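Structure data (PDB, N, CA and C atoms) from start_36.pdb:
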```pdb
ATOM      1  N   MET A   1     -18.502   8.234  -5.670
ATOM      2  CA  MET A   1     -18.138   7.434  -4.508
ATOM      3  C   MET A   1     -18.202   8.333  -3.263
ATOM      4  N   ASP A   2     -19.037   7.983  -2.323
ATOM      5  CA  ASP A   2     -19.128   8.728  -1.065
ATOM      6  C   ASP A   2     -18.057   8.233  -0.107
ATOM      7  N   ILE A   3     -17.393   9.177   0.529
ATOM      8  CA  ILE A   3     -16.376   8.811   1.509
ATOM      9  C   ILE A   3     -17.056   8.720   2.865
ATOM     10  N   LYS A   4     -16.990   7.548   3.468
ATOM     11  CA  LYS A   4     -17.549   7.393   4.813
ATOM     12  C   LYS A   4     -16.627   8.058   5.821
ATOM     13  N   LYS A   5     -17.216   8.479   6.929
ATOM     14  CA  LYS A   5     -16.459   9.188   7.963
ATOM     15  C   LYS A   5     -15.248   8.387   8.440
ATOM     16  N   ASP A   6     -15.433   7.089   8.672
ATOM     17  CA  ASP A   6     -14.325   6.252   9.142
ATOM     18  C   ASP A   6     -13.191   6.163   8.123
ATOM     19  N   PHE A   7     -13.536   6.349   6.864
ATOM     20  CA  PHE A   7     -12.519   6.231   5.827
ATOM     21  C   PHE A   7     -11.541   7.399   5.864
ATOM     22  N   TYR A   8     -11.972   8.528   6.410
ATOM     23  CA  TYR A   8     -11.057   9.662   6.553
ATOM     24  C   TYR A   8      -9.841   9.290   7.394
ATOM     25  N   LYS A   9     -10.051   8.455   8.413
ATOM     26  CA  LYS A   9      -8.935   8.011   9.251
ATOM     27  C   LYS A   9      -7.913   7.241   8.416
ATOM     28  N   GLU A  10      -8.418   6.420   7.492
ATOM     29  CA  GLU A  10      -7.516   5.631   6.653
ATOM     30  C   GLU A  10      -6.730   6.520   5.692
ATOM     31  N   ILE A  11      -7.376   7.526   5.153
ATOM     32  CA  ILE A  11      -6.683   8.455   4.265
ATOM     33  C   ILE A  11      -5.613   9.224   5.053
ATOM     34  N   SER A  12      -5.952   9.640   6.269
ATOM     35  CA  SER A  12      -4.972  10.313   7.135
ATOM     36  C   SER A  12      -3.802   9.394   7.444
ATOM     37  N   PHE A  13      -4.108   8.120   7.716
ATOM     38  CA  PHE A  13      -3.060   7.132   7.966
ATOM     39  C   PHE A  13      -2.110   7.066   6.775
ATOM     40  N   LEU A  14      -2.649   6.985   5.571
ATOM     41  CA  LEU A  14      -1.807   6.897   4.380
ATOM     42  C   LEU A  14      -0.926   8.130   4.228
ATOM     43  N   LYS A  15      -1.525   9.289   4.387
ATOM     44  CA  LYS A  15      -0.775  10.532   4.201
ATOM     45  C   LYS A  15       0.198  10.798   5.341
ATOM     46  N   GLY A  16      -0.021  10.155   6.481
ATOM     47  CA  GLY A  16       0.826  10.372   7.648
ATOM     48  C   GLY A  16       2.173   9.686   7.585
ATOM     49  N   GLY A  17       2.347   8.770   6.660
ATOM     50  CA  GLY A  17       3.624   8.063   6.531
ATOM     51  C   GLY A  17       4.386   8.542   5.315
ATOM     52  N   LYS A  18       5.670   8.607   5.437
ATOM     53  CA  LYS A  18       6.506   9.133   4.364
ATOM     54  C   LYS A  18       6.417   8.300   3.081
ATOM     55  N   TYR A  19       6.290   6.980   3.226
ATOM     56  CA  TYR A  19       6.356   6.101   2.056
ATOM     57  C   TYR A  19       5.044   5.375   1.736
ATOM     58  N   ARG A  20       4.042   5.474   2.591
ATOM     59  CA  ARG A  20       2.819   4.681   2.391
ATOM     60  C   ARG A  20       2.115   4.998   1.079
ATOM     61  N   VAL A  21       1.941   6.271   0.783
ATOM     62  CA  VAL A  21       1.259   6.651  -0.459
ATOM     63  C   VAL A  21       2.090   6.208  -1.664
ATOM     64  N   LEU A  22       3.396   6.352  -1.571
ATOM     65  CA  LEU A  22       4.259   5.917  -2.675
ATOM     66  C   LEU A  22       4.128   4.422  -2.918
ATOM     67  N   VAL A  23       4.165   3.636  -1.845
ATOM     68  CA  VAL A  23       4.098   2.177  -1.976
ATOM     69  C   VAL A  23       2.750   1.744  -2.530
ATOM     70  N   ILE A  24       1.666   2.280  -1.982
ATOM     71  CA  ILE A  24       0.337   1.878  -2.438
ATOM     72  C   ILE A  24       0.125   2.298  -3.903
ATOM     73  N   SER A  25       0.686   3.446  -4.298
ATOM     74  CA  SER A  25       0.587   3.902  -5.683
ATOM     75  C   SER A  25       1.408   3.029  -6.621
ATOM     76  N   ASP A  26       2.547   2.573  -6.138
ATOM     77  CA  ASP A  26       3.404   1.734  -6.970
ATOM     78  C   ASP A  26       2.768   0.366  -7.220
ATOM     79  N   ILE A  27       2.122  -0.187  -6.213
ATOM     80  CA  ILE A  27       1.475  -1.488  -6.387
ATOM     81  C   ILE A  27       0.296  -1.343  -7.346
ATOM     82  N   ASP A  28      -0.555  -0.352  -7.113
ATOM     83  CA  ASP A  28      -1.727  -0.055  -7.934
ATOM     84  C   ASP A  28      -2.498  -1.338  -8.255
ATOM     85  N   ASP A  29      -2.604  -1.700  -9.510
ATOM     86  CA  ASP A  29      -3.375  -2.896  -9.885
ATOM     87  C   ASP A  29      -2.479  -4.073 -10.247
ATOM     88  N   LYS A  30      -1.229  -4.030  -9.778
ATOM     89  CA  LYS A  30      -0.259  -5.083 -10.098
ATOM     90  C   LYS A  30       0.017  -5.967  -8.876
ATOM     91  N   PHE A  31       0.720  -7.057  -9.100
ATOM     92  CA  PHE A  31       1.276  -7.894  -8.030
ATOM     93  C   PHE A  31       2.754  -7.539  -7.978
ATOM     94  N   LYS A  32       3.254  -7.170  -6.796
ATOM     95  CA  LYS A  32       4.657  -6.769  -6.710
ATOM     96  C   LYS A  32       5.321  -7.333  -5.465
ATOM     97  N   THR A  33       6.613  -7.605  -5.585
ATOM     98  CA  THR A  33       7.412  -8.029  -4.442
ATOM     99  C   THR A  33       7.979  -6.779  -3.765
ATOM    100  N   PRO A  34       8.370  -6.899  -2.503
ATOM    101  CA  PRO A  34       9.004  -5.761  -1.834
ATOM    102  C   PRO A  34      10.245  -5.253  -2.580
ATOM    103  N   THR A  35      11.021  -6.159  -3.135
ATOM    104  CA  THR A  35      12.226  -5.760  -3.877
ATOM    105  C   THR A  35      11.857  -4.930  -5.104
ATOM    106  N   GLU A  36      10.831  -5.356  -5.825
ATOM    107  CA  GLU A  36      10.388  -4.596  -7.004
ATOM    108  C   GLU A  36       9.924  -3.198  -6.609
ATOM    109  N   ILE A  37       9.189  -3.112  -5.508
ATOM    110  CA  ILE A  37       8.696  -1.820  -5.034
ATOM    111  C   ILE A  37       9.861  -0.926  -4.631
ATOM    112  N   SER A  38      10.787  -1.493  -3.863
ATOM    113  CA  SER A  38      11.952  -0.747  -3.387
ATOM    114  C   SER A  38      12.771  -0.188  -4.554
ATOM    115  N   LYS A  39      13.019  -1.012  -5.556
ATOM    116  CA  LYS A  39      13.800  -0.581  -6.720
ATOM    117  C   LYS A  39      13.041   0.442  -7.555
ATOM    118  N   SER A  40      11.758   0.213  -7.736
ATOM    119  CA  SER A  40      10.929   1.110  -8.539
ATOM    120  C   SER A  40      10.878   2.515  -7.935
ATOM    121  N   LEU A  41      10.772   2.584  -6.613
ATOM    122  CA  LEU A  41      10.661   3.861  -5.918
ATOM    123  C   LEU A  41      12.001   4.429  -5.462
ATOM    124  N   ASN A  42      13.046   3.601  -5.578
ATOM    125  CA  ASN A  42      14.382   3.993  -5.131
ATOM    126  C   ASN A  42      14.368   4.399  -3.651
ATOM    127  N   ILE A  43      13.739   3.533  -2.837
ATOM    128  CA  ILE A  43      13.726   3.745  -1.390
ATOM    129  C   ILE A  43      14.327   2.516  -0.710
ATOM    130  N   PRO A  44      14.859   2.680   0.492
ATOM    131  CA  PRO A  44      15.480   1.549   1.186
ATOM    132  C   PRO A  44      14.486   0.401   1.420
ATOM    133  N   MET A  45      15.000  -0.803   1.355
ATOM    134  CA  MET A  45      14.187  -1.996   1.546
ATOM    135  C   MET A  45      13.503  -1.999   2.914
ATOM    136  N   ARG A  46      14.193  -1.537   3.948
ATOM    137  CA  ARG A  46      13.596  -1.532   5.289
ATOM    138  C   ARG A  46      12.370  -0.628   5.341
ATOM    139  N   GLU A  47      12.419   0.487   4.617
ATOM    140  CA  GLU A  47      11.277   1.404   4.574
ATOM    141  C   GLU A  47      10.120   0.800   3.777
ATOM    142  N   THR A  48      10.459   0.096   2.715
ATOM    143  CA  THR A  48       9.438  -0.595   1.918
ATOM    144  C   THR A  48       8.747  -1.648   2.767
ATOM    145  N   SER A  49       9.541  -2.443   3.474
ATOM    146  CA  SER A  49       8.985  -3.503   4.325
ATOM    147  C   SER A  49       8.114  -2.935   5.436
ATOM    148  N   ARG A  50       8.570  -1.851   6.037
ATOM    149  CA  ARG A  50       7.792  -1.209   7.104
ATOM    150  C   ARG A  50       6.453  -0.697   6.564
ATOM    151  N   ALA A  51       6.495  -0.022   5.416
ATOM    152  CA  ALA A  51       5.264   0.507   4.822
ATOM    153  C   ALA A  51       4.304  -0.628   4.475
ATOM    154  N   LEU A  52       4.816  -1.722   3.928
ATOM    155  CA  LEU A  52       3.963  -2.860   3.572
ATOM    156  C   LEU A  52       3.328  -3.474   4.810
ATOM    157  N   LEU A  53       4.089  -3.597   5.885
ATOM    158  CA  LEU A  53       3.556  -4.145   7.135
ATOM    159  C   LEU A  53       2.436  -3.254   7.673
ATOM    160  N   GLU A  54       2.662  -1.948   7.677
ATOM    161  CA  GLU A  54       1.643  -1.007   8.156
ATOM    162  C   GLU A  54       0.395  -1.054   7.273
ATOM    163  N   LEU A  55       0.598  -1.102   5.958
ATOM    164  CA  LEU A  55      -0.531  -1.161   5.026
ATOM    165  C   LEU A  55      -1.312  -2.464   5.188
ATOM    166  N   LYS A  56      -0.588  -3.533   5.455
ATOM    167  CA  LYS A  56      -1.241  -4.832   5.667
ATOM    168  C   LYS A  56      -2.086  -4.811   6.941
ATOM    169  N   LYS A  57      -1.543  -4.235   8.003
ATOM    170  CA  LYS A  57      -2.278  -4.141   9.270
ATOM    171  C   LYS A  57      -3.558  -3.329   9.120
ATOM    172  N   HIS A  58      -3.550  -2.365   8.209
ATOM    173  CA  HIS A  58      -4.725  -1.524   7.973
ATOM    174  C   HIS A  58      -5.635  -2.086   6.877
ATOM    175  N   GLY A  59      -5.303  -3.270   6.384
ATOM    176  CA  GLY A  59      -6.154  -3.914   5.394
ATOM    177  C   GLY A  59      -6.100  -3.299   4.006
ATOM    178  N   MET A  60      -5.003  -2.603   3.706
ATOM    179  CA  MET A  60      -4.865  -1.951   2.398
ATOM    180  C   MET A  60      -4.170  -2.836   1.361
ATOM    181  N   VAL A  61      -3.303  -3.731   1.845
ATOM    182  CA  VAL A  61      -2.629  -4.689   0.964
ATOM    183  C   VAL A  61      -2.746  -6.075   1.571
ATOM    184  N   LYS A  62      -2.542  -7.062   0.716
ATOM    185  CA  LYS A  62      -2.513  -8.436   1.217
ATOM    186  C   LYS A  62      -1.387  -9.187   0.524
ATOM    187  N   VAL A  63      -0.887 -10.205   1.228
ATOM    188  CA  VAL A  63       0.121 -11.097   0.673
ATOM    189  C   VAL A  63      -0.640 -12.229  -0.006
ATOM    190  N   LEU A  64      -0.256 -12.538  -1.225
ATOM    191  CA  LEU A  64      -0.989 -13.558  -1.963
ATOM    192  C   LEU A  64      -0.749 -14.965  -1.437
ATOM    193  N   ASP A  65       0.452 -15.232  -0.920
ATOM    194  CA  ASP A  65       0.752 -16.552  -0.349
ATOM    195  C   ASP A  65       1.644 -16.362   0.874
ATOM    196  N   GLU A  66       1.034 -16.461   2.050
ATOM    197  CA  GLU A  66       1.758 -16.243   3.317
ATOM    198  C   GLU A  66       2.856 -17.281   3.563
ATOM    199  N   THR A  67       2.801 -18.439   2.900
ATOM    200  CA  THR A  67       3.812 -19.472   3.139
ATOM    201  C   THR A  67       5.139 -19.143   2.460
ATOM    202  N   VAL A  68       5.109 -18.259   1.475
ATOM    203  CA  VAL A  68       6.333 -17.853   0.782
ATOM    204  C   VAL A  68       7.103 -16.901   1.693
ATOM    205  N   LYS A  69       8.370 -17.189   1.890
ATOM    206  CA  LYS A  69       9.181 -16.350   2.778
ATOM    207  C   LYS A  69       9.996 -15.316   2.010
ATOM    208  N   LYS A  70      10.412 -15.633   0.794
ATOM    209  CA  LYS A  70      11.211 -14.702  -0.002
ATOM    210  C   LYS A  70      10.481 -14.447  -1.316
ATOM    211  N   GLY A  71      10.381 -13.194  -1.681
ATOM    212  CA  GLY A  71       9.714 -12.848  -2.925
ATOM    213  C   GLY A  71       8.194 -12.888  -2.830
ATOM    214  N   ARG A  72       7.669 -12.544  -1.656
ATOM    215  CA  ARG A  72       6.212 -12.508  -1.472
ATOM    216  C   ARG A  72       5.597 -11.491  -2.428
ATOM    217  N   LEU A  73       4.447 -11.851  -2.960
ATOM    218  CA  LEU A  73       3.719 -10.937  -3.832
ATOM    219  C   LEU A  73       2.654 -10.196  -3.033
ATOM    220  N   TYR A  74       2.617  -8.899  -3.200
ATOM    221  CA  TYR A  74       1.633  -8.052  -2.539
ATOM    222  C   TYR A  74       0.671  -7.499  -3.582
ATOM    223  N   LYS A  75      -0.567  -7.334  -3.155
ATOM    224  CA  LYS A  75      -1.630  -6.807  -4.005
ATOM    225  C   LYS A  75      -2.507  -5.902  -3.156
ATOM    226  N   LEU A  76      -3.084  -4.887  -3.776
ATOM    227  CA  LEU A  76      -4.015  -4.025  -3.051
ATOM    228  C   LEU A  76      -5.315  -4.778  -2.779
ATOM    229  N   THR A  77      -5.885  -4.529  -1.637
ATOM    230  CA  THR A  77      -7.214  -5.044  -1.314
ATOM    231  C   THR A  77      -8.233  -4.071  -1.907
ATOM    232  N   PRO A  78      -9.504  -4.427  -1.924
ATOM    233  CA  PRO A  78     -10.511  -3.454  -2.373
ATOM    234  C   PRO A  78     -10.445  -2.148  -1.573
ATOM    235  N   LYS A  79     -10.201  -2.255  -0.274
ATOM    236  CA  LYS A  79     -10.060  -1.065   0.572
ATOM    237  C   LYS A  79      -8.871  -0.216   0.117
ATOM    238  N   GLY A  80      -7.756  -0.865  -0.189
ATOM    239  CA  GLY A  80      -6.568  -0.159  -0.672
ATOM    240  C   GLY A  80      -6.809   0.498  -2.021
ATOM    241  N   SER A  81      -7.515  -0.187  -2.907
ATOM    242  CA  SER A  81      -7.841   0.381  -4.224
ATOM    243  C   SER A  81      -8.737   1.603  -4.084
ATOM    244  N   ASP A  82      -9.736   1.502  -3.217
ATOM    245  CA  ASP A  82     -10.636   2.640  -2.985
ATOM    246  C   ASP A  82      -9.869   3.833  -2.424
ATOM    247  N   ALA A  83      -8.988   3.565  -1.474
ATOM    248  CA  ALA A  83      -8.194   4.641  -0.873
ATOM    249  C   ALA A  83      -7.309   5.308  -1.921
ATOM    250  N   LEU A  84      -6.704   4.518  -2.788
ATOM    251  CA  LEU A  84      -5.841   5.067  -3.835
ATOM    252  C   LEU A  84      -6.643   5.935  -4.801
ATOM    253  N   LYS A  85      -7.840   5.504  -5.159
ATOM    254  CA  LYS A  85      -8.688   6.308  -6.054
ATOM    255  C   LYS A  85      -9.028   7.649  -5.409
ATOM    256  N   ILE A  86      -9.352   7.615  -4.118
ATOM    257  CA  ILE A  86      -9.686   8.853  -3.402
ATOM    258  C   ILE A  86      -8.471   9.778  -3.343
ATOM    259  N   LEU A  87      -7.314   9.205  -3.040
ATOM    260  CA  LEU A  87      -6.096  10.003  -2.984
ATOM    261  C   LEU A  87      -5.816  10.669  -4.325
ATOM    262  N   ARG A  88      -5.971   9.932  -5.400
ATOM    263  CA  ARG A  88      -5.677  10.476  -6.733
ATOM    264  C   ARG A  88      -6.647  11.592  -7.098
ATOM    265  N   LYS A  89      -7.893  11.448  -6.697
ATOM    266  CA  LYS A  89      -8.888  12.485  -6.996
ATOM    267  C   LYS A  89      -8.609  13.763  -6.224
ATOM    268  N   ASN A  90      -7.953  13.644  -5.069
ATOM    269  CA  ASN A  90      -7.730  14.789  -4.197
ATOM    270  C   ASN A  90      -6.301  15.290  -4.177
ATOM    271  N   MET A  91      -5.516  14.898  -5.133
ATOM    272  CA  MET A  91      -4.117  15.354  -5.173
ATOM    273  C   MET A  91      -3.979  16.510  -6.122
TER     274      MET A  91
END
```
Let me see the structure of the file written as structure tokens.
Amino acid sequence: MDIKKDFYKEISFLKGGKYRVLVISDIDDKFKTPTEISKSLNIPMRETSRALLELKKHGMVKVLDETVKKGRLYKLTPKGSDALKILRKNM
């Protein structure tokens, strides 16, 4: 897999946040709610929500049903999956 130049910015974005890499790694190939992620990683819910919002803005995760207000399911996008694979290869 060749890393495009623009993709370096996305990897930097992920590594630049305290919880982004943890959250994206926890979701991996699963569907998860913010509560599940928060409990799994033992991090505050506000930090989980912030990381998910930032990841969503960067196209790394998506909400499966935007109409759901509580217990939304998050999943990695293809971009998020690619970024996670690159991160794992370089850790």
Between A:Arg88, A:Lys30, A:His58, A:Lys9, which has the minimum distance to Leu73 of chain A (counting only N, CA and C atoms)?
A:Lys30
In terms of the shortest atom-to-atom distance over only C-alpha atoms, which of A:Ile27, A:Leu55, A:Ile11, A:Ile37 is closest to Asp82 of chain A?
A:Ile11
Between A:Thr48, A:Lys57, A:Ser25, A:Lys39, which has the minimum distance to Leu84 of chain A (counting all atoms listed in the file)?
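Among the listed residues, A:Ser25 lies closest to Leu84 of chain A.
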Of the candidates A:Phe7, A:Ser38, A:Phe31, A:Met45, which one gets nearest to Asp65 of chain A if we count only C-alpha atoms?
A:Phe31
I'd like to know which of A:Lys62, A:Arg50, A:Lys75, A:Lys15 is closest to Asp28 of chain A, using only N, CA and C atoms.
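Checking each candidate against Asp28 of chain A, we get A:Lys75 as the closest.
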Please measure the separation of atom CA of Leu41 of chain A and atom CA of Ala83 of chain A, giving the value in Å to one decimal.
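Rounded to one decimal, the two atoms are 19.5 Å apart.
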Using 6 Å of padding on each side, determine the axis-aligned box around all atoms of segment 82-91 of chain A present in the file and give its centre and edge lengths in Å to one decimal, as lines of an AutoDock Vina configuration file.
```
center_x = -7.3
center_y = 9.0
center_z = -4.0
size_x = 18.7
size_y = 27.0
size_z = 18.2
```
